[in-house]
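Trainee: The file below is work-v2.cif, mmCIF, C-alpha atoms:
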data_upload
#
loop_
_atom_site.label_atom_id
_atom_site.label_comp_id
_atom_site.auth_asym_id
_atom_site.auth_seq_id
_atom_site.Cartn_x
_atom_site.Cartn_y
_atom_site.Cartn_z
CA MET A 15 38.03 68.75 -91.45
CA ALA A 16 38.83 71.26 -88.75
CA ILE A 17 38.98 70.27 -85.10
CA ASP A 18 38.47 72.87 -82.42
CA ALA A 19 39.59 73.00 -78.80
CA ALA A 20 36.15 71.87 -77.57
CA THR A 21 36.41 68.66 -79.61
CA VAL A 22 39.92 68.00 -78.27
CA ARG A 23 38.65 68.59 -74.73
CA LYS A 24 35.81 66.10 -75.28
CA VAL A 25 38.07 63.43 -76.82
CA ALA A 26 40.61 63.87 -74.02
CA ARG A 27 37.88 63.46 -71.43
CA LEU A 28 36.54 60.32 -73.16
CA ALA A 29 40.07 58.88 -73.32
CA ARG A 30 40.67 59.81 -69.68
CA ILE A 31 43.65 61.98 -70.64
CA ALA A 32 44.28 65.09 -68.57
CA GLU A 33 45.35 67.92 -70.88
CA PRO A 34 46.00 71.43 -69.61
CA GLU A 35 43.81 74.11 -71.11
CA ASP A 36 46.74 75.86 -72.81
CA ARG A 37 47.58 72.65 -74.79
CA LEU A 38 44.09 72.23 -76.30
CA GLU A 39 44.49 74.75 -79.13
CA PRO A 40 47.91 73.44 -80.33
CA LEU A 41 46.55 69.88 -80.19
CA ALA A 42 43.53 70.94 -82.23
CA LYS A 43 45.85 72.35 -84.92
CA GLU A 44 47.98 69.18 -84.94
CA LEU A 45 44.95 66.89 -85.21
CA SER A 46 43.45 69.05 -87.97
CA GLY A 47 46.71 68.77 -89.91
CA ILE A 48 46.71 64.99 -89.54
CA LEU A 49 43.11 64.74 -90.74
CA ASN A 50 43.88 67.02 -93.71
CA TRP A 51 46.74 64.71 -94.69
CA ILE A 52 44.40 61.69 -94.44
CA GLU A 53 41.87 63.48 -96.66
CA GLN A 54 44.64 63.92 -99.26
CA LEU A 55 45.11 60.16 -99.29
CA ASN A 56 41.44 59.76 -100.27
CA GLU A 57 42.25 61.53 -103.55
CA VAL A 58 44.68 58.78 -104.65
CA ASP A 59 43.28 56.54 -107.41
CA THR A 60 43.59 52.94 -106.18
CA ASN A 61 41.45 51.27 -108.84
CA GLY A 62 43.07 48.07 -110.06
CA VAL A 63 45.56 47.94 -107.20
CA GLU A 64 45.56 44.57 -105.47
CA PRO A 65 45.52 44.60 -101.66
CA MET A 66 48.73 43.39 -100.07
CA THR A 67 49.75 42.07 -96.69
CA THR A 68 53.47 42.70 -97.07
CA SER A 69 55.76 44.65 -99.36
CA VAL A 70 57.89 41.58 -100.04
CA GLU A 71 56.40 38.62 -101.90
CA THR A 72 57.28 35.47 -99.99
CA THR A 73 56.09 31.90 -99.74
CA LEU A 74 55.93 29.99 -96.50
CA PRO A 75 58.41 27.16 -96.16
CA MET A 76 56.70 23.79 -96.31
CA ARG A 77 57.70 20.58 -94.56
CA ASP A 78 56.47 17.04 -94.87
CA ASP A 79 53.58 16.26 -92.57
CA VAL A 80 55.02 13.20 -90.88
CA VAL A 81 53.73 11.56 -87.71
CA THR A 82 56.51 11.00 -85.18
CA ASP A 83 56.67 9.71 -81.63
CA GLY A 84 57.59 13.22 -80.41
CA GLY A 85 61.22 12.51 -79.79
CA ASP A 86 62.84 11.48 -76.56
CA PRO A 87 60.67 12.53 -73.55
CA ALA A 88 63.73 12.72 -71.34
CA LYS A 89 65.32 15.29 -73.68
CA VAL A 90 62.07 17.24 -74.10
CA LEU A 91 61.44 17.46 -70.35
CA GLY A 92 65.11 17.88 -69.43
CA ASN A 93 64.83 21.64 -68.81
CA ALA A 94 61.30 21.58 -67.41
CA PRO A 95 61.00 23.03 -63.91
CA LYS A 96 58.67 20.18 -62.96
CA ALA A 97 57.58 17.01 -64.79
CA ALA A 98 55.56 13.91 -63.94
CA LYS A 99 54.87 10.77 -66.03
CA ASN A 100 56.48 12.32 -69.16
CA PHE A 101 54.29 15.47 -68.96
CA PHE A 102 54.99 19.08 -68.00
CA VAL A 103 53.54 20.00 -64.59
CA VAL A 104 52.00 23.47 -64.48
CA PRO A 105 50.07 25.34 -61.79
CA LYS A 106 46.32 25.02 -61.80
CA VAL A 107 44.75 28.14 -63.36
CA VAL A 108 41.04 27.23 -63.25
CA GLU A 109 39.21 26.70 -59.99
#
As structure tokens, what does this structure read like?
Mentor:
Amino acid sequence: MAIDAATVRKVARLARIAEPEDRLEPLAKELSGILNWIEQLNEVDTNGVEPMTTSVETTLPMRDDVVTDGGDPAKVLGNAPKAAKNFFVVPKVVE
């Protein structure tokens, strides 16, 4: 797929990017090269390839789901900028 300077001008205007006129033609060549490379990827046979989310197979560490009292409130709130009645005090964000 070939991109011309007019297409680059239109995309730049839609993206609110100011590009000088002398940069439109080189950008069109760069974008055409990128799209040609993407079209080459379409030729790769991916039948039977499972989708993956990471290149390293890992399992998440599990812990026992145990109900606790939350620890010592004095220790938890010790570094809080402001606390009241064993709770963090934060500024109001909804009016």
Trainee: One decimal, in Å: what's the spacing between CA of Ala98 in chain A and CA of Thr82 in chain A?
Mentor: 21.5 Å
Trainee: Point out the residue among A:Arg23, A:Asn56, A:Glu64, A:Ile17 with the least atom-to-atom distance to Ala42 in chain A, counting only C-alpha atoms.
Mentor: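 Ranking A:Arg23, A:Asn56, A:Glu64, A:Ile17 by distance to Ala42 in chain A, first place goes to A:Ile17.
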Trainee: Hey, which of A:Thr60, A:Ser69, A:Asn100, A:Ser46 ends up closest to Gly85 in chain A? Count only C-alpha atoms.
Mentor: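 Once distances to Gly85 in chain A are computed over only C-alpha atoms, the minimum belongs to A:Asn100.
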Trainee: For CA of Ala94 in chain A and CA of Arg77 in chain A, determine how far apart the two atoms are, in Å to one decimal place.
Mentor: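 CA of Ala94 in chain A sits 27.4 Å away from CA of Arg77 in chain A.
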Trainee: What gap, in Å, lies between CA of Leu45 in chain A and CA of Arg30 in chain A?
Mentor: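 One can read the CA of Leu45 in chain A to CA of Arg30 in chain A distance as 17.6 Å.
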Trainee: Which of these residues is nearest to Ala20 in chain A, using all atoms listed in the file: A:Ile48, A:Asn61, A:Met76, A:Arg37?
Mentor: A:Arg37
Trainee: So, counting all atoms listed in the file, which residue among A:Pro75, A:Pro40, A:Met15, A:Asp86 is closest to Glu53 in chain A?
Mentor: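 Checking each candidate against Glu53 in chain A, we get A:Met15 as the closest.
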Trainee: Go through A:Gly84, A:Gly47, A:Pro65, A:Gly92 one by one, measure the shortest atom-to-atom distance of each to Ala16 in chain A using all atoms listed in the file, and give the residue with the smallest value.
Mentor: A:Gly47
